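Undergrad: Just run_4.csv, nothing more (CSV, C-alpha atoms):
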```csv
chain,number,residue,atom,x,y,z
E,596,MET,CA,103.0,136.4,70.1
E,597,ALA,CA,104.3,135.1,73.4
E,598,ALA,CA,104.3,131.3,72.7
E,599,ILE,CA,104.0,128.8,69.9
E,600,SER,CA,100.6,127.2,69.4
E,601,GLY,CA,99.7,124.0,71.2
E,602,LYS,CA,99.3,122.0,68.0
E,603,LEU,CA,102.6,123.2,66.6
E,604,ALA,CA,104.4,122.7,69.9
E,605,ALA,CA,103.3,119.1,70.1
E,606,LEU,CA,104.3,118.5,66.5
E,607,THR,CA,107.7,120.2,67.1
E,608,ALA,CA,108.3,117.9,70.1
E,609,ALA,CA,107.5,114.9,67.9
E,610,ALA,CA,109.8,116.2,65.2
E,611,MET,CA,112.8,116.5,67.6
E,612,ALA,CA,112.3,112.8,68.6
E,613,LEU,CA,112.3,111.4,65.1
E,614,PRO,CA,115.2,109.3,63.7
E,615,GLY,CA,118.0,111.4,62.5
E,616,VAL,CA,117.3,114.3,64.7
E,617,HIS,CA,119.8,114.6,67.6
E,618,THR,CA,118.3,116.3,70.7
E,619,ARG,CA,120.8,117.8,73.0
E,620,ALA,CA,120.3,118.3,76.7
E,621,ALA,CA,120.4,122.0,76.1
E,622,ASP,CA,117.0,121.7,74.3
E,623,LEU,CA,115.4,121.5,77.8
E,624,THR,CA,113.5,124.8,78.4
E,625,SER,CA,112.5,124.3,82.0
E,626,PRO,CA,114.4,123.3,85.2
E,627,ASN,CA,111.4,121.9,86.9
E,628,PRO,CA,110.5,118.4,85.8
E,629,PHE,CA,112.2,115.2,86.7
E,630,SER,CA,112.3,112.9,83.6
E,631,ALA,CA,113.6,109.5,82.6
E,632,GLU,CA,113.9,107.8,79.2
E,633,ALA,CA,114.8,104.3,78.1
E,634,SER,CA,115.1,103.2,74.5
E,635,HIS,CA,116.1,100.2,72.5
E,636,LEU,CA,117.3,100.3,68.8
E,637,GLU,CA,117.8,97.5,66.3
E,638,TYR,CA,119.9,98.3,63.3
E,639,SER,CA,120.7,95.8,60.4
E,640,GLU,CA,122.3,95.8,57.0
E,641,SER,CA,121.5,93.6,54.0
E,642,GLY,CA,123.8,90.9,52.6
E,643,SER,CA,124.7,89.5,56.0
E,644,ARG,CA,126.6,92.7,57.0
E,645,MET,CA,126.6,94.5,60.3
E,646,SER,CA,123.8,94.5,62.9
E,647,VAL,CA,123.8,96.6,66.0
E,648,ARG,CA,121.7,96.7,69.2
E,649,VAL,CA,121.6,99.8,71.2
E,650,ASN,CA,120.3,100.3,74.7
E,651,GLN,CA,120.1,103.8,76.1
E,652,ALA,CA,118.9,105.4,79.4
E,653,THR,CA,118.7,109.1,80.1
E,654,GLY,CA,117.6,111.0,83.2
E,655,THR,CA,117.2,114.6,84.4
E,656,LEU,CA,117.0,115.7,88.0
E,657,PRO,CA,116.2,119.2,89.3
E,658,VAL,CA,118.6,120.3,92.0
E,659,THR,CA,117.3,123.9,92.6
E,660,ASP,CA,114.9,126.2,90.8
E,661,ASN,CA,117.7,127.0,88.3
E,662,VAL,CA,119.9,124.0,88.2
E,663,LEU,CA,119.3,120.6,86.5
E,664,LEU,CA,121.5,117.5,86.5
E,665,VAL,CA,121.5,115.3,83.4
E,666,GLY,CA,122.9,111.9,82.8
E,667,ASN,CA,123.1,109.4,79.9
E,668,TYR,CA,124.2,105.8,79.5
E,669,ILE,CA,124.5,103.9,76.2
E,670,GLN,CA,125.4,100.3,75.4
E,671,ASP,CA,126.0,99.1,71.9
E,672,VAL,CA,126.6,95.5,70.7
E,673,MET,CA,127.7,95.1,67.1
E,674,SER,CA,128.2,91.9,65.1
E,675,GLY,CA,128.4,90.6,61.6
E,676,ALA,CA,130.6,91.2,58.5
E,677,SER,CA,132.1,94.4,57.2
E,678,PRO,CA,133.8,95.4,53.9
E,679,ILE,CA,137.6,95.6,54.1
E,680,PHE,CA,138.7,96.2,50.5
E,681,ASN,CA,137.8,95.9,46.8
E,682,ALA,CA,139.6,93.5,44.5
E,683,PRO,CA,139.5,92.9,40.7
E,684,GLY,CA,137.2,90.1,39.8
E,685,ALA,CA,136.4,88.1,36.7
E,686,GLY,CA,136.7,90.2,33.6
E,687,GLY,CA,138.4,93.0,35.6
E,688,ASP,CA,135.2,94.1,37.3
E,689,PRO,CA,135.8,94.9,41.0
E,690,HIS,CA,134.1,93.2,43.8
E,691,GLN,CA,133.8,93.8,47.5
E,692,VAL,CA,135.7,91.6,50.0
E,693,LEU,CA,134.1,91.2,53.4
E,694,THR,CA,135.3,90.0,56.7
E,695,GLY,CA,133.9,86.8,58.0
E,696,ALA,CA,130.7,87.0,60.0
E,697,SER,CA,132.7,87.0,63.2
E,698,VAL,CA,133.1,90.7,63.9
E,699,PHE,CA,132.0,91.5,67.4
E,700,ASP,CA,132.4,94.7,69.4
E,701,ARG,CA,130.8,96.2,72.4
E,702,ARG,CA,130.7,99.9,73.5
E,703,GLU,CA,129.7,101.5,76.7
E,704,ALA,CA,129.4,105.3,77.0
E,705,GLU,CA,128.3,107.6,79.8
E,706,ASP,CA,128.0,111.3,80.2
E,707,ILE,CA,126.9,113.5,83.0
E,708,GLY,CA,126.4,117.3,83.2
E,709,GLY,CA,124.4,120.2,84.4
E,710,VAL,CA,122.1,122.8,83.0
E,711,LEU,CA,121.9,126.3,84.5
E,712,PHE,CA,118.9,128.6,83.8
E,713,ALA,CA,119.7,132.3,84.4
E,714,GLY,CA,116.8,134.5,83.3
E,715,ASP,CA,116.7,134.4,79.5
E,716,ASN,CA,120.0,132.4,79.3
E,717,GLN,CA,120.7,128.7,79.5
E,718,PHE,CA,124.1,127.1,80.0
E,719,THR,CA,125.0,123.4,79.7
E,720,LEU,CA,128.2,121.6,80.6
E,721,ARG,CA,128.6,117.9,80.0
E,722,GLN,CA,131.5,115.4,80.4
E,723,GLY,CA,131.4,112.0,78.6
E,724,TRP,CA,133.4,108.8,78.3
E,725,SER,CA,133.2,106.0,75.7
E,726,LEU,CA,135.0,102.7,75.7
E,727,GLU,CA,135.2,99.8,73.1
E,728,ASN,CA,137.6,96.9,72.6
E,729,ASP,CA,139.7,99.1,70.2
E,730,TYR,CA,138.6,102.6,70.8
E,731,LYS,CA,138.4,105.0,73.7
E,732,SER,CA,137.2,108.6,73.9
E,733,ILE,CA,136.9,111.4,76.5
E,734,TRP,CA,134.8,114.4,75.6
E,735,THR,CA,133.5,117.7,77.0
E,736,SER,CA,130.8,119.9,75.6
E,737,ILE,CA,129.6,123.3,76.5
E,738,GLU,CA,126.5,125.1,75.1
E,739,ALA,CA,124.8,128.5,75.7
E,740,ARG,CA,121.4,129.6,74.6
E,741,ARG,CA,119.6,132.9,74.8
E,742,PHE,CA,115.9,133.3,74.5
E,743,ALA,CA,114.8,136.7,73.1
E,744,ASN,CA,111.7,138.4,71.7
E,745,GLN,CA,109.4,136.9,74.3
E,746,LYS,CA,111.1,133.5,73.7
E,747,ASN,CA,110.1,133.5,70.0
E,748,THR,CA,113.8,133.7,69.1
E,749,THR,CA,116.5,131.4,70.4
E,750,PHE,CA,120.2,131.9,69.8
E,751,ALA,CA,122.6,129.0,70.4
E,752,VAL,CA,126.3,128.4,70.4
E,753,GLY,CA,128.4,125.4,71.5
E,754,ALA,CA,131.6,123.5,71.3
E,755,ALA,CA,132.7,119.9,72.0
E,756,PHE,CA,136.2,118.6,72.5
E,757,ASN,CA,137.1,114.9,71.9
E,758,ASP,CA,140.4,113.2,72.8
E,759,ASP,CA,140.4,109.7,71.3
E,760,GLY,CA,142.6,106.6,71.1
E,761,VAL,CA,142.3,104.1,68.2
E,762,SER,CA,143.8,100.6,68.2
E,763,SER,CA,142.9,97.3,66.5
E,764,HIS,CA,142.1,93.7,67.4
E,765,ASP,CA,145.5,92.7,66.2
E,766,ALA,CA,147.3,95.3,68.5
E,767,PRO,CA,144.7,96.2,71.2
E,768,HIS,CA,147.3,98.1,73.4
E,769,ASP,CA,148.8,100.1,70.5
E,770,TYR,CA,146.6,103.2,70.8
E,771,ARG,CA,147.1,106.0,68.2
E,772,THR,CA,145.7,109.3,69.2
E,773,ARG,CA,143.4,111.8,67.5
E,774,ILE,CA,141.5,114.9,68.5
E,775,LYS,CA,138.3,116.4,67.3
E,776,ARG,CA,136.9,119.9,68.0
E,777,ASP,CA,133.4,120.8,67.1
E,778,PHE,CA,131.7,124.2,67.1
E,779,PHE,CA,128.2,125.3,66.1
E,780,ALA,CA,126.0,128.4,66.1
E,781,GLY,CA,122.3,128.5,65.3
E,782,VAL,CA,119.1,130.5,65.6
E,783,THR,CA,115.5,129.3,65.9
E,784,GLN,CA,112.7,131.7,65.0
E,785,ILE,CA,109.0,131.3,65.6
E,786,ILE,CA,107.5,133.1,62.6
E,787,ASN,CA,103.9,133.0,63.8
E,788,GLU,CA,101.5,130.6,65.6
E,789,ARG,CA,101.8,128.1,62.7
E,790,SER,CA,105.4,128.1,61.6
E,791,LEU,CA,109.0,128.3,62.6
E,792,PHE,CA,112.5,128.0,61.1
E,793,GLU,CA,115.9,127.0,62.3
E,794,VAL,CA,119.3,127.5,60.7
E,795,SER,CA,122.7,126.4,62.0
E,796,LEU,CA,126.3,126.4,61.0
E,797,ALA,CA,128.8,123.7,62.2
E,798,TYR,CA,132.6,123.5,61.9
E,799,SER,CA,134.6,120.4,62.9
E,800,TYR,CA,138.4,120.0,63.0
E,801,SER,CA,140.1,116.6,63.4
E,802,ASN,CA,143.8,115.9,63.8
E,803,GLY,CA,145.9,112.8,64.3
E,804,TYR,CA,145.2,109.2,63.2
E,805,LEU,CA,142.1,109.4,61.0
E,806,SER,CA,142.6,106.2,59.0
E,807,ASP,CA,140.6,103.0,59.6
E,808,PRO,CA,142.9,100.3,61.0
E,809,TYR,CA,140.6,97.6,59.6
E,810,LYS,CA,140.4,98.8,56.0
E,811,LEU,CA,142.8,97.9,53.2
E,812,VAL,CA,143.3,99.0,49.6
E,813,PHE,CA,144.2,96.8,46.6
E,814,VAL,CA,147.1,98.1,44.5
E,815,GLN,CA,147.7,96.3,41.2
E,816,SER,CA,151.4,96.8,41.3
E,817,THR,CA,152.1,95.9,44.9
E,818,GLY,CA,149.1,94.1,46.5
E,819,LEU,CA,147.3,95.1,49.7
E,820,LEU,CA,148.2,98.2,51.6
E,821,PRO,CA,146.7,99.7,54.8
E,822,ASP,CA,144.1,102.5,54.6
E,823,ALA,CA,145.9,105.8,54.8
E,824,ARG,CA,144.1,109.2,55.1
E,825,PRO,CA,145.3,112.8,55.7
E,826,SER,CA,146.1,113.6,59.4
E,827,GLN,CA,143.9,116.7,59.4
E,828,ARG,CA,140.3,117.2,58.4
E,829,ARG,CA,138.2,120.4,58.4
E,830,GLN,CA,134.4,120.1,57.8
E,831,PHE,CA,131.7,122.7,57.4
E,832,ALA,CA,128.0,122.0,57.5
E,833,LEU,CA,125.0,124.3,57.0
E,834,THR,CA,121.5,123.1,58.0
E,835,GLY,CA,118.1,124.7,57.6
E,836,LYS,CA,114.8,123.5,59.0
E,837,TYR,CA,111.3,124.8,58.3
E,838,LEU,CA,108.2,123.5,60.2
E,839,ALA,CA,104.7,124.7,59.3
E,840,TYR,CA,101.2,123.7,60.6
E,841,VAL,CA,98.5,123.6,58.0
E,842,PRO,CA,95.0,124.1,59.6
E,843,ALA,CA,93.1,122.9,56.5
E,844,ILE,CA,94.4,119.4,56.9
E,845,ASP,CA,95.2,119.7,60.7
E,846,SER,CA,98.8,118.5,60.0
E,847,ALA,CA,102.3,119.9,59.9
E,848,PHE,CA,105.1,119.5,57.4
E,849,GLN,CA,108.8,119.7,58.2
E,850,VAL,CA,111.5,120.3,55.6
E,851,VAL,CA,115.2,119.9,56.5
E,852,GLU,CA,118.0,120.6,54.1
E,853,SER,CA,121.8,120.3,54.8
E,854,LEU,CA,125.0,120.9,52.9
E,855,SER,CA,128.5,120.0,53.9
E,856,THR,CA,132.0,120.1,52.6
E,857,ASP,CA,135.5,119.3,53.8
E,858,ASN,CA,139.2,119.5,52.8
E,859,TRP,CA,139.1,115.8,51.8
E,860,GLY,CA,137.1,116.6,48.7
E,861,LEU,CA,133.8,115.2,50.1
E,862,ARG,CA,130.7,117.3,49.2
E,863,SER,CA,127.3,116.2,50.4
E,864,GLY,CA,123.7,117.3,50.5
E,865,ALA,CA,120.5,116.0,52.1
E,866,LEU,CA,116.8,116.9,51.8
E,867,GLU,CA,114.3,115.5,54.2
E,868,VAL,CA,110.5,116.0,54.1
E,869,GLN,CA,108.1,114.7,56.8
E,870,TRP,CA,104.4,114.9,57.4
E,871,LYS,CA,103.1,115.0,61.0
E,872,LYS,CA,99.6,114.7,62.4
E,873,GLU,CA,98.1,114.7,65.9
E,874,LEU,CA,95.3,112.1,66.2
E,875,PRO,CA,92.5,111.8,68.8
E,876,GLY,CA,93.5,109.9,71.9
E,877,GLU,CA,96.9,111.8,72.1
E,878,TRP,CA,98.5,110.0,69.2
E,879,LEU,CA,101.2,111.6,67.0
E,880,VAL,CA,102.1,110.0,63.7
E,881,SER,CA,104.9,111.0,61.3
E,882,ALA,CA,106.0,109.8,57.8
E,883,GLY,CA,108.4,111.0,55.2
E,884,GLY,CA,111.5,110.5,53.2
E,885,ARG,CA,115.1,111.6,52.8
E,886,LEU,CA,117.4,112.0,49.8
E,887,TYR,CA,121.2,112.1,50.4
E,888,SER,CA,124.1,112.4,47.9
E,889,GLN,CA,127.8,112.8,48.2
E,890,SER,CA,131.0,112.9,46.1
E,891,SER,CA,134.1,110.9,46.7
E,892,ALA,CA,137.2,111.8,48.7
E,893,ASP,CA,140.2,113.0,46.7
E,894,PHE,CA,142.2,110.0,47.8
E,895,TYR,CA,139.5,107.4,47.1
E,896,LYS,CA,139.6,104.8,44.3
E,897,VAL,CA,137.8,101.5,44.0
E,898,VAL,CA,141.2,99.8,43.2
E,899,PHE,CA,144.6,101.4,42.6
E,900,GLN,CA,146.9,100.7,39.7
E,901,THR,CA,149.9,102.1,41.5
E,902,ALA,CA,150.4,103.5,45.0
E,903,PRO,CA,149.9,107.3,45.1
E,904,GLY,CA,153.1,109.3,45.6
E,905,ASP,CA,151.6,111.2,48.6
E,906,GLY,CA,150.9,108.0,50.4
E,907,LEU,CA,147.2,108.7,50.8
E,908,HIS,CA,144.8,106.0,49.6
E,909,SER,CA,141.4,104.5,50.7
E,910,SER,CA,138.8,102.2,49.2
E,911,ASP,CA,136.5,102.6,52.2
E,912,TYR,CA,132.9,102.6,50.9
E,913,ARG,CA,132.2,105.6,53.2
E,914,MET,CA,134.7,107.6,51.2
E,915,ALA,CA,133.1,106.7,47.9
E,916,ALA,CA,130.6,108.7,45.9
E,917,PHE,CA,127.1,107.4,46.5
E,918,GLY,CA,123.5,108.5,47.4
E,919,SER,CA,120.7,107.1,49.4
E,920,MET,CA,116.9,107.2,49.6
E,921,ALA,CA,115.2,106.6,53.0
E,922,TRP,CA,111.7,106.1,54.3
E,923,LEU,CA,110.9,107.4,57.8
E,924,ALA,CA,107.9,106.6,60.1
E,925,SER,CA,107.1,107.3,63.7
E,926,VAL,CA,104.2,107.0,66.1
E,927,THR,CA,104.0,108.4,69.6
E,928,LYS,CA,101.3,107.7,72.2
E,929,GLN,CA,100.8,109.8,75.4
E,930,ILE,CA,99.9,107.5,78.3
E,931,GLY,CA,98.3,109.6,81.0
E,932,ARG,CA,100.0,112.8,82.2
E,933,ASN,CA,103.5,111.4,82.9
E,934,PHE,CA,104.3,108.7,80.3
E,935,SER,CA,104.7,108.4,76.6
E,936,VAL,CA,105.9,105.6,74.2
E,937,GLN,CA,107.3,106.0,70.7
E,938,PHE,CA,108.1,103.7,67.9
E,939,SER,CA,110.2,104.9,65.0
E,940,ALA,CA,111.6,103.2,61.9
E,941,GLU,CA,113.8,104.0,58.9
E,942,ARG,CA,114.7,102.0,55.8
E,943,SER,CA,117.4,103.4,53.6
E,944,TYR,CA,118.7,102.3,50.2
E,945,ARG,CA,122.3,103.2,49.2
E,946,ARG,CA,122.8,103.5,45.5
E,947,TYR,CA,125.9,104.5,43.5
E,948,SER,CA,123.7,105.8,40.8
E,949,LEU,CA,122.5,108.6,43.2
E,950,ARG,CA,126.0,110.1,43.6
E,951,SER,CA,126.6,113.8,43.1
E,952,GLY,CA,130.0,113.2,41.4
E,953,GLY,CA,133.2,111.4,41.9
E,954,THR,CA,134.2,107.7,42.0
E,955,GLY,CA,132.6,104.6,43.4
E,956,PHE,CA,130.9,101.4,42.2
E,957,ASP,CA,127.6,99.6,42.6
E,958,GLY,CA,129.2,96.7,44.4
E,959,ASP,CA,129.0,98.9,47.5
E,960,ASP,CA,125.2,99.2,47.2
E,961,TYR,CA,123.1,97.8,50.1
E,962,LEU,CA,120.2,98.7,52.3
E,963,TRP,CA,119.9,99.2,56.0
E,964,SER,CA,117.0,99.6,58.5
E,965,PHE,CA,116.5,100.4,62.1
E,966,TYR,CA,113.7,100.2,64.6
E,967,LEU,CA,113.6,102.3,67.7
E,968,ALA,CA,111.3,102.0,70.8
E,969,THR,CA,111.4,104.7,73.5
E,970,LEU,CA,109.6,105.0,76.8
E,971,ARG,CA,109.5,108.4,78.5
E,972,ALA,CA,108.4,109.5,82.0
E,973,GLN,CA,108.2,113.0,83.2
E,974,PHE,CA,107.0,114.3,86.6
```
Would you mind writing the file's structure down as structure tokens?
TA:
Amino acid sequence: MAAISGKLAALTAAAMALPGVHTRAADLTSPNPFSAEASHLEYSESGSRMSVRVNQATGTLPVTDNVLLVGNYIQDVMSGASPIFNAPGAGGDPHQVLTGASVFDRREAEDIGGVLFAGDNQFTLRQGWSLENDYKSIWTSIEARRFANQKNTTFAVGAAFNDDGVSSHDAPHDYRTRIKRDFFAGVTQIINERSLFEVSLAYSYSNGYLSDPYKLVFVQSTGLLPDARPSQRRQFALTGKYLAYVPAIDSAFQVVESLSTDNWGLRSGALEVQWKKELPGEWLVSAGGRLYSQSSADFYKVVFQTAPGDGLHSSDYRMAAFGSMAWLASVTKQIGRNFSVQFSAERSYRRYSLRSGGTGFDGDDYLWSFYLATLRAQF
């Protein structure tokens, strides 16, 4: 079998564009087309918490028959209130303390790179920059892919290197450094004209200032202390994806499962299932759900009675044990030969009761949603 079926190919493309699926530049399989993409995302959290607006533009430009230039620009604007610590309330029950609704931040990020096609091999090199009021980052990524077995099998490896500086609004010029090194390897296999699977393994190493300068912890014996986390973090993640087209209902189903662990004590798992269908008039629709659950970090507590002897402590809700349920939906419309438009949405409910073990509390529960509109052009 030399190529995946048209139905499954279209549904695969739609799957890669859904919320929660990150499409790298190296996913390009041809050096020929010029393409441009613009998107706008609206993200919001319940309880007058954070809201984010994201504008993004991406372009690809063929230079030769084997070389493609890629570029990307992102602008984020964030505002609202954010949790900073937990405190004992009436009767001893903890409650969450938020900042005022005056938090505001703006990020601009760019990256540029190139893709080289050499026979059955593909190489990608990208360089990126990101700047916020209290955060700056420079990163480089490299990827290699090999297409084998008449392009029914794809092997991929890659690495990314981040060098970051973290400050705070109170001390904007006092940057504390940290590095992050990411590595991944994966394989995609077309099983037959109706199904494919993908499996990947990722490893991430971080070193330096990994605490959050805006988070505090409440210690009964001493009062408030700054968030303090280990200076090293090692993370492993295993992800598997299976996509199958079912002729009887002229639809496809995608199942994605992931497991991750790190040396901070966080263990997490996620299961996502989506239904996808191509409709007359070149419409694609998708709908599904996701379950996620994690344990808490070893150094997390809702509130502390005394300061830990090792100096590590956090009450950040992201370090707590919790789970979430999400609903996903997407619709894509092809407009002529060169244009398409897509609308995607996700609504997710965080619940302490869905945790997989560890410590947390239901005062951290909230819901979030986002809406994404994307316009694509390819020539």
Undergrad: Between CA of Val897 (chain E) and CA of Ser910 (chain E), what is the distance, to one decimal in Å?
TA: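 A separation of 5.3 Å between them.
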Undergrad: Would you work out the distance separating CA of Gly708 (chain E) from CA of Asn667 (chain E), expressed in Å to one decimal?
TA: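 About the pair CA of Gly708 (chain E) and CA of Asn667 (chain E): they are 9.2 Å apart.
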Undergrad: Can you pull out the residues contacting Phe974 (chain E)? Cut-off 7 Å, using all atoms listed in the file, and skip same-chain residues under 4 positions away; I want them as a list in words.
TA: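 Result of the neighbour search: Pro628, Phe629, Ser630 and Asn933 of chain E.
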Undergrad: As an exercise, work out the distance from CA of Gly714 (chain E) to CA of Glu793 (chain E) in Å and give it to one decimal place.
TA: 22.3 Å
Undergrad: If the box runs along x, y and z of the file and leaves 6 Å on each side of region 668-678 of chain E, what are its centre and edge lengths in Å, one decimal, as AutoDock Vina command-line options?
TA:
```
--center_x 129.0 --center_y 98.2 --center_z 66.7 --size_x 21.6 --size_y 27.2 --size_z 37.6
```
Undergrad: Can you pull out the residues contacting Leu970 (chain E)? Cut-off 12 Å, using all atoms listed in the file, and skip same-chain residues under 3 positions away; I want them as a list in words.
TA: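 In the requested format, the answer is Ala612, Ser630, Ala631, Glu632, Ala633, Ser634, His635, Asn650, Gln651, Ala652, Thr653, Gly654, Thr927, Lys928, Gln929, Ile930, Asn933, Phe934, Ser935, Val936, Gln937, Phe938, Ser939, Leu967 and Gln973 of chain E.
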Undergrad: Which is closer to Gly884 (chain E) than all the others in E:Asp758, E:Asp807, E:Glu867, E:Asp729, using all atoms listed in the file?
TA: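 The closest residue to Gly884 (chain E) is E:Glu867.
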Undergrad: If I only have part of region 740-753 of chain E, can you fill in N, CA and C atoms and write it as an mmCIF file, in the coordinates of the input?
TA:
```
data_model
loop_
_atom_site.group_PDB
_atom_site.id
_atom_site.type_symbol
_atom_site.label_atom_id
_atom_site.label_comp_id
_atom_site.auth_asym_id
_atom_site.auth_seq_id
_atom_site.Cartn_x
_atom_site.Cartn_y
_atom_site.Cartn_z
ATOM 1 N N ARG E 740 122.564 129.189 75.385
ATOM 2 C CA ARG E 740 121.400 129.600 74.600
ATOM 3 C C ARG E 740 120.821 130.891 75.247
ATOM 4 N N ARG E 741 120.301 131.731 74.380
ATOM 5 C CA ARG E 741 119.600 132.900 74.800
ATOM 6 C C ARG E 741 118.263 133.026 74.176
ATOM 7 N N PHE E 742 117.244 133.233 75.021
ATOM 8 C CA PHE E 742 115.900 133.300 74.500
ATOM 9 C C PHE E 742 115.486 134.813 74.489
ATOM 10 N N ALA E 743 115.099 135.279 73.315
ATOM 11 C CA ALA E 743 114.800 136.700 73.100
ATOM 12 C C ALA E 743 113.426 136.834 72.467
ATOM 13 N N ASN E 744 112.993 138.090 72.368
ATOM 14 C CA ASN E 744 111.700 138.400 71.700
ATOM 15 C C ASN E 744 110.592 137.558 72.241
ATOM 16 N N GLN E 745 110.429 137.626 73.592
ATOM 17 C CA GLN E 745 109.400 136.900 74.300
ATOM 18 C C GLN E 745 109.524 135.350 74.011
ATOM 19 N N LYS E 746 110.764 134.896 73.917
ATOM 20 C CA LYS E 746 111.100 133.500 73.700
ATOM 21 C C LYS E 746 110.686 133.000 72.293
ATOM 22 N N ASN E 747 110.388 133.915 71.400
ATOM 23 C CA ASN E 747 110.100 133.500 70.000
ATOM 24 C C ASN E 747 111.397 133.343 69.215
ATOM 25 N N THR E 748 112.514 133.844 69.728
ATOM 26 C CA THR E 748 113.800 133.700 69.100
ATOM 27 C C THR E 748 114.788 133.068 70.042
ATOM 28 N N THR E 749 115.510 132.070 69.561
ATOM 29 C CA THR E 749 116.500 131.400 70.400
ATOM 30 C C THR E 749 117.848 131.404 69.645
ATOM 31 N N PHE E 750 118.873 131.940 70.303
ATOM 32 C CA PHE E 750 120.200 131.900 69.800
ATOM 33 C C PHE E 750 121.006 130.822 70.522
ATOM 34 N N ALA E 751 121.817 130.051 69.799
ATOM 35 C CA ALA E 751 122.600 129.000 70.400
ATOM 36 C C ALA E 751 123.976 128.909 69.885
ATOM 37 N N VAL E 752 124.942 128.672 70.770
ATOM 38 C CA VAL E 752 126.300 128.400 70.400
ATOM 39 C C VAL E 752 126.841 127.284 71.254
ATOM 40 N N GLY E 753 127.820 126.559 70.739
ATOM 41 C CA GLY E 753 128.400 125.400 71.500
ATOM 42 C C GLY E 753 129.649 124.924 70.954
#
```
